[in-house]
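Content type JSON, N, CA and C atoms, from the file query.json:
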[["chain", "number", "residue", "atom", "x", "y", "z"],
["A", 9, "MET", "N", 0.85, -1.17, 0.00],
["A", 9, "MET", "CA", 0.00, 0.00, 0.00],
["A", 9, "MET", "C", 0.89, 1.23, 0.00],
["A", 10, "SER", "N", 0.47, 2.24, -0.70],
["A", 10, "SER", "CA", 1.21, 3.49, -0.78],
["A", 10, "SER", "C", 1.10, 4.26, 0.53],
["A", 11, "GLU", "N", 2.16, 4.96, 0.90],
["A", 11, "GLU", "CA", 2.13, 5.81, 2.09],
["A", 11, "GLU", "C", 1.16, 6.97, 1.89],
["A", 12, "ARG", "N", 0.98, 7.41, 0.64],
["A", 12, "ARG", "CA", 0.15, 8.58, 0.36],
["A", 12, "ARG", "C", -1.01, 8.18, -0.56],
["A", 13, "ALA", "N", -2.16, 7.97, 0.01],
["A", 13, "ALA", "CA", -3.36, 7.71, -0.77],
["A", 13, "ALA", "C", -4.04, 9.05, -1.06],
["A", 14, "ALA", "N", -4.48, 9.24, -2.27],
["A", 14, "ALA", "CA", -5.05, 10.53, -2.67],
["A", 14, "ALA", "C", -6.53, 10.61, -2.33],
["A", 15, "PRO", "N", -6.95, 11.68, -1.66],
["A", 15, "PRO", "CA", -8.38, 11.89, -1.41],
["A", 15, "PRO", "C", -9.06, 12.37, -2.68],
["A", 16, "PHE", "N", -10.36, 12.14, -2.79],
["A", 16, "PHE", "CA", -11.11, 12.56, -3.97],
["A", 16, "PHE", "C", -11.71, 13.95, -3.82],
["A", 17, "TYR", "N", -11.98, 14.36, -2.58],
["A", 17, "TYR", "CA", -12.59, 15.67, -2.36],
["A", 17, "TYR", "C", -12.21, 16.20, -0.98],
["A", 18, "CYS", "N", -12.35, 17.50, -0.80],
["A", 18, "CYS", "CA", -12.05, 18.15, 0.47],
["A", 18, "CYS", "C", -13.11, 17.78, 1.50],
["A", 19, "PRO", "N", -12.72, 17.37, 2.72],
["A", 19, "PRO", "CA", -13.71, 17.02, 3.74],
["A", 19, "PRO", "C", -14.46, 18.24, 4.29],
["A", 20, "TYR", "N", -13.99, 19.44, 4.00],
["A", 20, "TYR", "CA", -14.63, 20.66, 4.51],
["A", 20, "TYR", "C", -15.60, 21.28, 3.52],
["A", 21, "CYS", "N", -15.17, 21.46, 2.25],
["A", 21, "CYS", "CA", -16.03, 22.15, 1.28],
["A", 21, "CYS", "C", -16.53, 21.23, 0.17],
["A", 22, "GLY", "N", -15.94, 20.05, 0.01],
["A", 22, "GLY", "CA", -16.39, 19.11, -1.00],
["A", 22, "GLY", "C", -15.78, 19.33, -2.37],
["A", 23, "ASP", "N", -14.94, 20.34, -2.53],
["A", 23, "ASP", "CA", -14.33, 20.61, -3.83],
["A", 23, "ASP", "C", -13.25, 19.57, -4.15],
["A", 24, "GLU", "N", -12.91, 19.43, -5.42],
["A", 24, "GLU", "CA", -11.95, 18.43, -5.85],
["A", 24, "GLU", "C", -10.58, 19.02, -6.19],
["A", 25, "ASP", "N", -10.36, 20.31, -5.94],
["A", 25, "ASP", "CA", -9.10, 20.96, -6.27],
["A", 25, "ASP", "C", -8.10, 20.79, -5.13],
["A", 26, "LEU", "N", -7.54, 19.58, -4.98],
["A", 26, "LEU", "CA", -6.63, 19.25, -3.89],
["A", 26, "LEU", "C", -5.22, 19.06, -4.42],
["A", 27, "ARG", "N", -4.26, 19.42, -3.59],
["A", 27, "ARG", "CA", -2.85, 19.27, -3.92],
["A", 27, "ARG", "C", -2.13, 18.70, -2.70],
["A", 28, "PRO", "N", -1.10, 17.87, -2.91],
["A", 28, "PRO", "CA", -0.29, 17.44, -1.77],
["A", 28, "PRO", "C", 0.37, 18.65, -1.13],
["A", 29, "SER", "N", 0.45, 18.66, 0.18],
["A", 29, "SER", "CA", 1.04, 19.79, 0.89],
["A", 29, "SER", "C", 2.55, 19.79, 0.74],
["A", 30, "GLU", "N", 3.13, 20.96, 0.72],
["A", 30, "GLU", "CA", 4.59, 21.11, 0.68],
["A", 30, "GLU", "C", 5.21, 20.76, 2.02],
["A", 31, "GLU", "N", 4.38, 20.73, 3.05],
["A", 31, "GLU", "CA", 4.86, 20.41, 4.40],
["A", 31, "GLU", "C", 5.44, 19.00, 4.42],
["A", 32, "GLY", "N", 6.62, 18.87, 5.00],
["A", 32, "GLY", "CA", 7.24, 17.55, 5.11],
["A", 32, "GLY", "C", 6.45, 16.67, 6.05],
["A", 33, "SER", "N", 6.16, 15.46, 5.63],
["A", 33, "SER", "CA", 5.40, 14.57, 6.50],
["A", 33, "SER", "C", 6.32, 13.53, 7.12],
["A", 34, "VAL", "N", 6.04, 13.19, 8.36],
["A", 34, "VAL", "CA", 6.78, 12.18, 9.08],
["A", 34, "VAL", "C", 6.00, 10.88, 8.95],
["A", 35, "ARG", "N", 6.70, 9.79, 8.69],
["A", 35, "ARG", "CA", 6.04, 8.50, 8.51],
["A", 35, "ARG", "C", 5.16, 8.18, 9.71],
["A", 36, "GLY", "N", 3.91, 7.81, 9.45],
["A", 36, "GLY", "CA", 2.98, 7.46, 10.51],
["A", 36, "GLY", "C", 2.09, 8.60, 10.96],
["A", 37, "GLU", "N", 2.39, 9.84, 10.57],
["A", 37, "GLU", "CA", 1.55, 10.98, 10.94],
["A", 37, "GLU", "C", 0.41, 11.19, 9.97],
["A", 38, "GLY", "N", 0.49, 10.67, 8.79],
["A", 38, "GLY", "CA", -0.54, 10.88, 7.78],
["A", 38, "GLY", "C", -0.08, 11.88, 6.74],
["A", 39, "ALA", "N", -0.66, 11.79, 5.57],
["A", 39, "ALA", "CA", -0.30, 12.68, 4.46],
["A", 39, "ALA", "C", -1.05, 14.00, 4.58],
["A", 40, "ALA", "N", -0.35, 15.09, 4.33],
["A", 40, "ALA", "CA", -0.95, 16.42, 4.39],
["A", 40, "ALA", "C", -1.41, 16.84, 2.99],
["A", 41, "TRP", "N", -2.61, 17.41, 2.93],
["A", 41, "TRP", "CA", -3.20, 17.88, 1.67],
["A", 41, "TRP", "C", -3.70, 19.30, 1.84],
["A", 42, "GLU", "N", -3.76, 20.04, 0.75],
["A", 42, "GLU", "CA", -4.27, 21.41, 0.73],
["A", 42, "GLU", "C", -5.42, 21.51, -0.26],
["A", 43, "CYS", "N", -6.48, 22.20, 0.16],
["A", 43, "CYS", "CA", -7.61, 22.47, -0.73],
["A", 43, "CYS", "C", -7.43, 23.89, -1.26],
["A", 44, "ARG", "N", -7.34, 24.03, -2.58],
["A", 44, "ARG", "CA", -7.15, 25.35, -3.18],
["A", 44, "ARG", "C", -8.45, 26.15, -3.19],
["A", 45, "SER", "N", -9.58, 25.49, -3.04],
["A", 45, "SER", "CA", -10.87, 26.16, -3.08],
["A", 45, "SER", "C", -11.18, 26.89, -1.77],
["A", 46, "CYS", "N", -11.02, 26.21, -0.63],
["A", 46, "CYS", "CA", -11.36, 26.82, 0.66],
["A", 46, "CYS", "C", -10.12, 27.18, 1.48],
["A", 47, "SER", "N", -8.93, 26.97, 0.93],
["A", 47, "SER", "CA", -7.65, 27.31, 1.58],
["A", 47, "SER", "C", -7.45, 26.62, 2.92],
["A", 48, "ARG", "N", -7.91, 25.39, 3.04],
["A", 48, "ARG", "CA", -7.70, 24.62, 4.26],
["A", 48, "ARG", "C", -6.67, 23.52, 4.00],
["A", 49, "ALA", "N", -5.97, 23.14, 5.04],
["A", 49, "ALA", "CA", -5.03, 22.03, 4.98],
["A", 49, "ALA", "C", -5.51, 20.96, 5.96],
["A", 50, "PHE", "N", -5.31, 19.71, 5.60],
["A", 50, "PHE", "CA", -5.74, 18.61, 6.46],
["A", 50, "PHE", "C", -4.82, 17.42, 6.24],
["A", 51, "ARG", "N", -4.88, 16.47, 7.17],
["A", 51, "ARG", "CA", -4.08, 15.24, 7.08],
["A", 51, "ARG", "C", -5.00, 14.04, 6.98],
["A", 52, "LEU", "N", -4.53, 13.04, 6.26],
["A", 52, "LEU", "CA", -5.21, 11.75, 6.17],
["A", 52, "LEU", "C", -4.30, 10.69, 6.75],
["A", 53, "LYS", "N", -4.88, 9.83, 7.56],
["A", 53, "LYS", "CA", -4.09, 8.77, 8.17],
["A", 53, "LYS", "C", -4.89, 7.48, 8.15],
["A", 54, "PHE", "N", -4.27, 6.41, 7.70],
["A", 54, "PHE", "CA", -4.89, 5.10, 7.70],
["A", 54, "PHE", "C", -4.79, 4.52, 9.10],
["A", 55, "LEU", "N", -5.91, 4.19, 9.71],
["A", 55, "LEU", "CA", -5.92, 3.68, 11.08],
["A", 55, "LEU", "C", -5.80, 2.17, 11.15],
["A", 56, "GLY", "N", -6.36, 1.45, 10.20],
["A", 56, "GLY", "CA", -6.30, 0.00, 10.21],
["A", 56, "GLY", "C", -7.55, -0.61, 9.62],
["A", 57, "LEU", "N", -7.59, -1.90, 9.59],
["A", 57, "LEU", "CA", -8.73, -2.64, 9.06],
["A", 57, "LEU", "C", -9.66, -3.06, 10.19],
["A", 58, "LEU", "N", -10.95, -3.06, 9.90],
["A", 58, "LEU", "CA", -11.92, -3.58, 10.87],
["A", 58, "LEU", "C", -11.88, -5.10, 10.82],
["A", 59, "SER", "N", -12.06, -5.75, 11.95],
["A", 59, "SER", "CA", -12.08, -7.20, 11.95],
["A", 59, "SER", "C", -13.37, -7.69, 11.31],
["A", 60, "GLN", "N", -13.32, -8.86, 10.70],
["A", 60, "GLN", "CA", -14.51, -9.41, 10.07],
["A", 60, "GLN", "C", -15.55, -9.72, 11.14],
["A", 61, "GLY", "N", -16.81, -9.53, 10.80],
["A", 61, "GLY", "CA", -17.87, -9.77, 11.75],
["A", 61, "GLY", "C", -18.30, -8.52, 12.49],
["A", 62, "ARG", "N", -17.50, -7.46, 12.41],
["A", 62, "ARG", "CA", -17.87, -6.18, 13.03],
["A", 62, "ARG", "C", -18.29, -5.24, 11.93],
["A", 63, "SER", "N", -19.35, -4.51, 12.16],
["A", 63, "SER", "CA", -19.80, -3.54, 11.18],
["A", 63, "SER", "C", -19.67, -2.14, 11.76],
["A", 64, "ALA", "N", -19.63, -1.15, 10.89],
["A", 64, "ALA", "CA", -19.50, 0.24, 11.34],
["A", 64, "ALA", "C", -20.81, 0.78, 11.89],
["A", 65, "SER", "N", -21.93, 0.18, 11.49],
["A", 65, "SER", "CA", -23.23, 0.68, 11.96],
["A", 65, "SER", "C", -23.66, -0.10, 13.20],
["A", 66, "PRO", "N", -24.44, 0.54, 14.07],
["A", 66, "PRO", "CA", -24.92, -0.16, 15.26],
["A", 66, "PRO", "C", -25.86, -1.31, 14.91],
["A", 67, "SER", "N", -25.89, -2.30, 15.75],
["A", 67, "SER", "CA", -26.74, -3.47, 15.51],
["A", 67, "SER", "C", -28.21, -3.09, 15.69],
["A", 68, "THR", "N", -29.06, -3.57, 14.79],
["A", 68, "THR", "CA", -30.49, -3.30, 14.88],
["A", 68, "THR", "C", -31.19, -4.27, 15.82],
["A", 69, "SER", "N", -30.53, -5.38, 16.17],
["A", 69, "SER", "CA", -31.19, -6.37, 17.02],
["A", 69, "SER", "C", -31.07, -6.03, 18.50],
["A", 70, "ALA", "N", -30.17, -5.16, 18.88],
["A", 70, "ALA", "CA", -29.99, -4.85, 20.30],
["A", 70, "ALA", "C", -31.02, -3.82, 20.76],
["A", 71, "GLY", "N", -31.98, -4.26, 21.53],
["A", 71, "GLY", "CA", -32.96, -3.38, 22.12],
["A", 71, "GLY", "C", -33.96, -2.79, 21.16],
["A", 72, "GLY", "N", -34.10, -3.34, 20.00],
["A", 72, "GLY", "CA", -35.04, -2.81, 19.01],
["A", 72, "GLY", "C", -36.47, -3.22, 19.30],
["A", 73, "ALA", "N", -37.41, -2.36, 18.99],
["A", 73, "ALA", "CA", -38.84, -2.68, 19.19],
["A", 73, "ALA", "C", -39.35, -3.47, 18.00],
["A", 74, "SER", "N", -40.31, -4.37, 18.24],
["A", 74, "SER", "CA", -40.87, -5.18, 17.16],
["A", 74, "SER", "C", -42.04, -4.52, 16.52]]

Go ahead and express the file in the form of C-alpha cells.
Amino acid sequence: MSERAAPFYCPYCGDEDLRPSEEGSVRGEGAAWECRSCSRAFRLKFLGLLSQGRSASPSTSAGGAS
C-alpha cells in the first residue's frame, strides 16, 4: 500500500481541487493535503482494518422494538 493515498474531495467544502502539501510529512503521521478552493489544509491517516464480523453501523437487534 502506498504511504500517500489521494483523497477525492475536500472534507470541509467538497471541492476536488486538492494538492499534496509542501509540508514535510513524518512517517505514521498521515499525508498532508491542501484544498485550493477553501484554503484549508488537512491530514489523512490510515488507522487499520476492521475485523470481520464487526460492522461500522450499530446493531439493529440490540434493544429494538418489534

Just the number, please: distance in Å from CA of Leu58 in chain A to atom C of Pro19 in chain A, one decimal. 22.9 Å

What is the distance, in Å and to one decimal place, between CA of Arg27 in chain A and CA of Glu42 in chain A?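 We find that CA of Arg27 in chain A and CA of Glu42 in chain A lie 5.3 Å from each other.
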
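Separating CA of Pro28 in chain A from atom N of Lys53 in chain A is a distance of 12.9 Å.
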
For Arg44 in chain A: contacts at 7 Å, only N, CA and C atoms, fewer than 3 positions along chain excluded, given as a ChimeraX atom specification: /A:24-27,47-48

Any chance you could list, as a list in words, the residues in range 26-56 of chain A that come up strand (DSSP E) when DSSP is run on the backbone? Leu26, Arg27, Pro28, Ala39, Ala40, Trp41, Glu42, Cys43, Ala49, Phe50, Arg51 and Leu52 of chain A

Between A:Leu55, A:Cys18, A:Glu31, A:Gln60, single out the one closest to Cys43 in chain A, counting only N, CA and C atoms.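 Result for the nearest residue to Cys43 in chain A: A:Cys18.
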